[in-house]
Amino acid sequence: MATGGAEGGPKRRRESSRSCLDRAGVLTMLAARCDFTAPAGGRGGRGGRVMAAVWQQVLAVDARYNAYRTPTFPQFRTQYIRRRSQLLRENAKAGHPPALRRQYLRLRGQLLGQRYGPLSEPGSARAYSNSIVRSSRTTLDRMEDFEDDPRALGARGHRRSVSRGSYQLQAQMNRAVYEDRPPGSVVPTSAAEASRAMAGDTSLSENYAFAGMYHVFDQHVDEAVPRVRFANDDRHRLACCSLDGSISLCQLVPAPPTVLRVLRGHTRGVSDFAWSLSNDILVSTSLDATMRIWASDDGRCIREIPDPDGAELLCCTFQPVNNNLTVVGNAKQNLHVVNISTGKKVKGGSSKLTGRVLALSFDAPGRLLWAGDDRGSVFSFLFDMATGKLTKAKRLVVHEGSPVTSISARSWVSREARDPSLLINACLNKLLLYRVVDNEGTLQLKRSFPIEQSSHPVRSIFCPLMSFRQGACVVTGSEDMCVHFFDVERAAKAAVNKLQGHSAPVLDVSFNCDESLLASSDASGMVIVWRREQK
């Protein structure tokens with residue numbers, strides 16, 4: 001179980017860590033000089049796929065620790081993991097013995113673990129997840145392994161899971177880590193130094209003070225932009241989808257910010273999209289009853305997949321452990337797990353809700369899925385890592401007849417809020433924060449915050465760096481045309497900040513990885529990028 005790891009520790013631990021870093025460097029160098037330069041060979045058959053899968057796990061280990069490298073230079077981290085991905089993909093074609101590859105995987109994981117400590121919660125140092133990074137080819141290849149040998153994927157998936165215990169035990173461990181520290185000290189996590197270096201050691205109000213608008217994108221004016229998202233672990237790459245049927249990929253640096261390309265192909269409005277964890281593919285859902293897979297580097301459509309029910313598709317999310325699985329929700333009240341490399345739904349991966357499926361969110365290990373519908377219900381599902389099967393677990397009626405428009409999951413909100421939590425928007429004029437009380441996804445209301453939302457599909461997010469500060473902040477859109485910030489641990493006057501500038505209801509918000517920029521989109525098609533004040 002990962003509860004954050006130790007940032008400090010005895011002197012012996014630090015000396016041991018330095019030694020481990022040296023050993024890890026030697027191991028990496030040897031791999032680069034020997035394994036990665038091996039002559040390319042065939043990869044046909046089950047054996048080739050197994051060998052390739054081992055290298056995908058090596059990349060996953062590197063990616064999960066990548067946030068701890070060069071905390072003040074995220075560009076280097078991005079370049080590093082891309083280069084690692086390229087080398088590993090090339091090496092996957094070579095005919096090295098599987099046992100040797102697995103031994104390398106174990107050694108690298110052990111050394112990185114000793115150097116940086118146990119893995120902290122993916123997503124606590126970024127907006128979504130830094131746990132696993134894959135290339136688009138790796139993603140599309142890996143699902144073929146899933147179908148050929150689901151038991152093998154199950155084993156791999158379990159090894160990659162962050163948490164193995166129940167939610168009660170996870171919360172208890174989170175509390176124990178915190179309570180062992182002196183009063184006023186930071187939470188001992190491996191990523192704390194990186195987070196504080198990016199966010200600064202200031203109060204929540206100071207951290208979420210914004211200097212004004214950095215840029216305004218208006219290429220989708222007159223049609224709503226229901227979704228805006230920064231790329232994973234990226235400061236300056238942004239995407240947004242529109243009801244005009246297109247998706248825009250934008251670059252904020254170098255100045256001036258530009259629209260790199262517009263992805264066209266859907267014949268009706270695009271309702272939702274998601275970045276893969278390596279950012280080289282996107283999946284989108286549309287009211288035209290199709291989902292599309294896009295290559296982000298050149299904008300080409302890799303695959304078009306019709307909805308199994310022929311219904312409008314309203315939301316989508318990647319399975320966090322295996323990006324070859326995407327979950328989609330449609331207007332016929334159905335939820336489907338889809339293999340994006342074959343275009344087929346997974347056997348046993350479908351379920352029916354009580355209304356149109358509007359919102360989806362996985363927990364970090366990918367074993368629990370929550371889905372919200374337009375009749376006010378939130379369902380939890382157990383996700384079988386070996387088969388992709390969904391098992392309905394719990395149902396919560398947030399408010400009968402009030403559509404649930406957004407769900408965000410977080411395993412550890414802050415050092416004060418140490419329980420796994422769910423952030424929910426429903427058309428109640430409230431933003432709701434729930435505590436996850438067991439490993440079946442049972443929810444218990446913790447508190448609510450006043451916003452204006454009665455009819456629009458407003459979304460909210462946890463702030464990516466909140467885990468390493470006093471307090472914890474969430475951000476939400478609102479029908480009052482403002483972006484609202486709330487401290488989830490402040491008993492009175494929870495409002496931290498409010499950004500004004502939109503001329504229509506704000507539908508979605510997204511932070512970049514270091515919280516220096518915030519993007520918000522509205523019902524008139526405007527996307528505003530806000531710049532945080534530098535202290």
# chains A, B, ... in the order shown; residues from 1 in each chain; ligands from 1
$ residues_around --residues "range 222-230 of chain A" --least-positions-apart "2" --cutoff "9 Å" --atoms "only C-alpha atoms" --output "ChimeraX atom specification"
/A:127,220,232-244,269-275,457-459,506-513,518-527
$ residues_around --residues "range 205-212 of chain A" --least-positions-apart "2" --cutoff "6 Å" --atoms "only C-alpha atoms" --output "list in words"
Ser203, Val496, Trp530, Arg531, Arg532 and Glu533 of chain A
$ closest_atom_pairs --of "range 339-389 of chain A" --to "range 325-335 of chain A" --cutoff "9 Å" --atoms "only C-alpha atoms" --output "CSV"
residue,atom,partner,partner_atom,distance
A:Asn339,CA,A:Leu325,CA,5.0
A:Ile340,CA,A:Leu325,CA,6.3
A:Ser341,CA,A:Leu325,CA,8.6
A:Val346,CA,A:Leu325,CA,8.6
A:Gly349,CA,A:Leu335,CA,7.9
A:Ser350,CA,A:Leu335,CA,5.3
A:Ser351,CA,A:Leu335,CA,5.2
A:Lys352,CA,A:Asn334,CA,4.5
A:Leu353,CA,A:Gln333,CA,5.2
A:Thr354,CA,A:Gln333,CA,6.3
A:Gly355,CA,A:Gln333,CA,4.9
A:Arg356,CA,A:Gln333,CA,4.4
A:Val357,CA,A:Gly329,CA,4.9
A:Leu358,CA,A:Gly329,CA,6.8
A:Ala359,CA,A:Gly329,CA,7.7
A:Leu360,CA,A:Gly329,CA,7.8
A:Ala371,CA,A:Gly329,CA,8.3
A:Asp373,CA,A:Gln333,CA,7.7
A:Gly388,CA,A:Leu325,CA,8.0
$ write_last_selection --atoms "all heavy atoms" --output "short mmCIF file (atom, residue, chain, number, x, y, z; two decimals), in the first residue's frame"
data_model
loop_
_atom_site.label_atom_id
_atom_site.label_comp_id
_atom_site.auth_asym_id
_atom_site.auth_seq_id
_atom_site.Cartn_x
_atom_site.Cartn_y
_atom_site.Cartn_z
N ASN A 339 -12.28 -1.88 -25.66
CA ASN A 339 -10.88 -2.09 -26.05
C ASN A 339 -10.61 -1.21 -27.26
O ASN A 339 -11.11 -1.47 -28.36
CB ASN A 339 -10.69 -3.57 -26.39
CG ASN A 339 -9.33 -3.87 -26.96
OD1 ASN A 339 -8.54 -2.98 -27.23
ND2 ASN A 339 -9.06 -5.15 -27.18
N ILE A 340 -9.82 -0.16 -27.08
CA ILE A 340 -9.65 0.81 -28.17
C ILE A 340 -8.76 0.28 -29.29
O ILE A 340 -8.75 0.84 -30.38
CB ILE A 340 -9.11 2.16 -27.66
CG1 ILE A 340 -7.72 2.00 -27.06
CG2 ILE A 340 -10.07 2.77 -26.66
CD1 ILE A 340 -7.07 3.31 -26.67
N SER A 341 -8.01 -0.79 -29.04
CA SER A 341 -7.17 -1.34 -30.11
C SER A 341 -7.94 -2.26 -31.03
O SER A 341 -7.54 -2.47 -32.17
CB SER A 341 -5.96 -2.07 -29.52
OG SER A 341 -6.36 -3.21 -28.81
N VAL A 346 -15.59 -5.01 -24.01
CA VAL A 346 -15.05 -6.14 -23.27
C VAL A 346 -16.19 -6.99 -22.72
O VAL A 346 -17.19 -6.45 -22.22
CB VAL A 346 -14.15 -5.64 -22.12
CG1 VAL A 346 -13.68 -6.79 -21.24
CG2 VAL A 346 -12.96 -4.88 -22.68
N GLY A 349 -18.08 -6.25 -19.47
CA GLY A 349 -17.73 -4.87 -19.13
C GLY A 349 -18.83 -3.87 -19.39
O GLY A 349 -18.54 -2.71 -19.72
N SER A 350 -20.08 -4.28 -19.26
CA SER A 350 -21.21 -3.38 -19.48
C SER A 350 -22.14 -3.42 -18.27
O SER A 350 -22.26 -4.44 -17.59
CB SER A 350 -22.00 -3.77 -20.74
OG SER A 350 -21.18 -3.68 -21.89
N SER A 351 -22.81 -2.30 -18.03
CA SER A 351 -23.78 -2.24 -16.93
C SER A 351 -24.76 -1.12 -17.21
O SER A 351 -24.47 -0.20 -17.99
CB SER A 351 -23.06 -2.00 -15.60
OG SER A 351 -23.96 -2.12 -14.52
N LYS A 352 -25.91 -1.19 -16.57
CA LYS A 352 -26.97 -0.22 -16.80
C LYS A 352 -27.19 0.62 -15.55
O LYS A 352 -27.21 0.10 -14.44
CB LYS A 352 -28.27 -0.92 -17.19
CG LYS A 352 -29.32 0.01 -17.81
CD LYS A 352 -30.48 -0.80 -18.34
CE LYS A 352 -31.44 0.08 -19.16
NZ LYS A 352 -30.82 0.57 -20.40
N LEU A 353 -27.36 1.93 -15.75
CA LEU A 353 -27.65 2.84 -14.67
C LEU A 353 -29.13 3.21 -14.71
O LEU A 353 -29.90 2.65 -15.51
CB LEU A 353 -26.78 4.10 -14.77
CG LEU A 353 -25.36 4.01 -14.16
CD1 LEU A 353 -24.52 2.97 -14.88
CD2 LEU A 353 -24.67 5.37 -14.21
N THR A 354 -29.53 4.16 -13.88
CA THR A 354 -30.93 4.56 -13.83
C THR A 354 -31.24 5.73 -14.76
O THR A 354 -32.40 6.11 -14.91
CB THR A 354 -31.32 4.94 -12.40
OG1 THR A 354 -30.45 5.97 -11.93
CG2 THR A 354 -31.23 3.75 -11.47
N GLY A 355 -30.19 6.31 -15.36
CA GLY A 355 -30.39 7.45 -16.25
C GLY A 355 -29.22 7.57 -17.21
O GLY A 355 -28.34 6.69 -17.30
N ARG A 356 -29.24 8.65 -17.99
CA ARG A 356 -28.16 8.92 -18.93
C ARG A 356 -26.85 9.09 -18.17
O ARG A 356 -26.79 9.82 -17.17
CB ARG A 356 -28.46 10.19 -19.72
CG ARG A 356 -29.61 10.06 -20.69
CD ARG A 356 -30.29 11.41 -21.00
NE ARG A 356 -29.36 12.48 -21.23
CZ ARG A 356 -28.98 12.94 -22.42
NH1 ARG A 356 -29.46 12.36 -23.51
NH2 ARG A 356 -28.17 13.94 -22.55
N VAL A 357 -25.79 8.44 -18.64
CA VAL A 357 -24.51 8.45 -17.91
C VAL A 357 -23.75 9.73 -18.27
O VAL A 357 -23.38 9.94 -19.43
CB VAL A 357 -23.67 7.22 -18.26
CG1 VAL A 357 -22.41 7.17 -17.39
CG2 VAL A 357 -24.48 5.94 -18.09
N LEU A 358 -23.52 10.57 -17.26
CA LEU A 358 -22.93 11.89 -17.50
C LEU A 358 -21.51 12.04 -16.98
O LEU A 358 -20.77 12.92 -17.44
CB LEU A 358 -23.80 12.98 -16.85
CG LEU A 358 -25.26 13.06 -17.28
CD1 LEU A 358 -25.94 14.20 -16.55
CD2 LEU A 358 -25.37 13.25 -18.79
N ALA A 359 -21.09 11.23 -16.00
CA ALA A 359 -19.79 11.45 -15.37
C ALA A 359 -19.17 10.12 -14.96
O ALA A 359 -19.88 9.20 -14.53
CB ALA A 359 -19.93 12.36 -14.15
N LEU A 360 -17.84 10.04 -15.09
CA LEU A 360 -17.09 8.82 -14.75
C LEU A 360 -15.80 9.20 -14.04
O LEU A 360 -15.19 10.22 -14.35
CB LEU A 360 -16.74 8.04 -16.02
CG LEU A 360 -17.88 7.50 -16.88
CD1 LEU A 360 -17.34 7.03 -18.23
CD2 LEU A 360 -18.58 6.36 -16.16
N ALA A 371 -19.79 6.13 -11.43
CA ALA A 371 -20.52 6.67 -12.57
C ALA A 371 -21.74 7.41 -12.07
O ALA A 371 -22.46 6.93 -11.18
CB ALA A 371 -20.94 5.55 -13.53
N ASP A 373 -25.39 9.64 -13.09
CA ASP A 373 -26.38 9.77 -14.15
C ASP A 373 -27.25 11.01 -13.97
O ASP A 373 -27.11 11.75 -12.99
CB ASP A 373 -27.24 8.50 -14.28
CG ASP A 373 -28.09 8.21 -13.04
OD1 ASP A 373 -28.51 9.17 -12.35
OD2 ASP A 373 -28.37 7.03 -12.77
N GLY A 388 -11.45 -7.18 -17.12
CA GLY A 388 -12.14 -5.96 -17.51
C GLY A 388 -13.62 -5.98 -17.17
O GLY A 388 -14.36 -5.08 -17.57
#
$ residues_around --residues "range 286-296 of chain A" --least-positions-apart "2" --cutoff "7 Å" --atoms "only C-alpha atoms" --output "ChimeraX atom specification"
/A:266-271,280-284,298-307,310-314
$ closest_residue --among "A:Pro254, A:Gly376, A:Gly109, A:Pro97" --to "Leu59 in chain A" --atoms "only C-alpha atoms"
A:Gly109
$ atom_distance --atom1 "CA of Met481 in chain A" --atom2 "CA of Pro505 in chain A"
4.4 Å
$ residues_around --residues "Leu423 in chain A" --least-positions-apart "6" --cutoff "12 Å" --atoms "only C-alpha atoms" --output "PyMOL selection string"
chain A and resi 359-361+363+370+372+378+398+404-411+413+430-436+443-449+459-463+473-476+486+488
